[in-house]
Amino acid sequence: MRMTRRVDNVQFLPFLTTDVNNLSWLSYGTLKRDGTLIVVNGVGAVLQTSYILVYLHYCPRKRAVLLQTAALLGVLLLGFGYFWLLVPSTEARLQQLGLFCSVFTISMYLSPLTDLAKVIQTKSTQRLSFSLTIATLLTSASWTLYGIRLRDPYIMVPNLPGIPASFIRLWLFWKYPQEQDRNCQLLQT
């Protein structure tokens, strides 16, 4: 984005859901007193928020991005208000917050698939990030193993969909290699 000064081919939703996901898991980790969850998701939230700010800087349609961001932050704040103010016991809060985090984790891993039809229709993976796909595969596999190690279904189960979702995107990169993307770009100009 910084090199091209454009966001045309960069998806915003995966990074927004990842930021909400990091903030949710940071809260879960704090409640559970799990240092790994706290550090990883604290750093992740700072990085994702930075990305959103850079995206916003280069985005010509700032209003749409701000509305999406405000909507998800509103949901996050309502959720946190509910968990911290209305759920009395720590165990119940941990279970409900774990479920809340699980939903956001699944949405984060599946959100890049929203452009699946466009990728297949255009036969171009230009809309997908190969490095993000590899990172998603490694992250989802790592968190799944961590969840298994802790015997925590709220960490293990929602990270599982990230593995097949990554393999679907890798298959698309194989099916529509970058050489085809260059030809597609030439035709579009």
# chains A, B, ... in the order shown; residues from 1 in each chain; ligands from 1

call {"tool": "select_by_dssp", "arguments": {"residues": "chain A", "states": "alpha helix (DSSP H)", "output": "number ranges by chain"}}
result
A: 13-32, 35-58, 62-81, 90-110, 116-122, 130-150, 153-159, 162-175, 178-188

call {"tool": "closest_atom_pairs", "arguments": {"of": "stretch 51-159 of chain A", "to": "stretch 36-45 of chain A", "cutoff": "10 Å", "atoms": "only C-alpha atoms", "output": "JSON lines"}}
result
{"residue": "A:Tyr51", "atom": "CA", "partner": "A:Ala45", "partner_atom": "CA", "distance": 9.8}
{"residue": "A:Trp143", "atom": "CA", "partner": "A:Leu37", "partner_atom": "CA", "distance": 9.9}
{"residue": "A:Tyr146", "atom": "CA", "partner": "A:Thr36", "partner_atom": "CA", "distance": 9.8}
{"residue": "A:Ile155", "atom": "CA", "partner": "A:Leu37", "partner_atom": "CA", "distance": 9.9}

call {"tool": "closest_residue", "arguments": {"among": "A:Ala165, A:Leu172, A:Ala135, A:Ala70", "to": "A:Thr122", "atoms": "only C-alpha atoms"}}
result
A:Leu172

call {"tool": "atom_distance", "arguments": {"atom1": "atom CA of A:Thr139", "atom2": "atom CA of A:Thr30"}}
result
20.2 Å

call {"tool": "closest_residue", "arguments": {"among": "A:Leu16, A:Leu86, A:Leu78, A:Leu137", "to": "A:Val65", "atoms": "only C-alpha atoms"}}
result
A:Leu16

call {"tool": "closest_residue", "arguments": {"among": "A:Thr114, A:Thr17, A:Thr90, A:Ser102", "to": "A:Thr69", "atoms": "only C-alpha atoms"}}
result
A:Thr17

call {"tool": "residues_around", "arguments": {"residues": "A:Arg93", "least_positions_apart": "3", "cutoff": "12 Å", "atoms": "only C-alpha atoms", "output": "VMD selection string"}}
result
chain A and resid 27 to 28 30 to 32 79 to 90 96 to 101

call {"tool": "atom_distance", "arguments": {"atom1": "atom CA of A:Tyr109", "atom2": "atom CA of A:Thr144"}}
result
12.7 Å
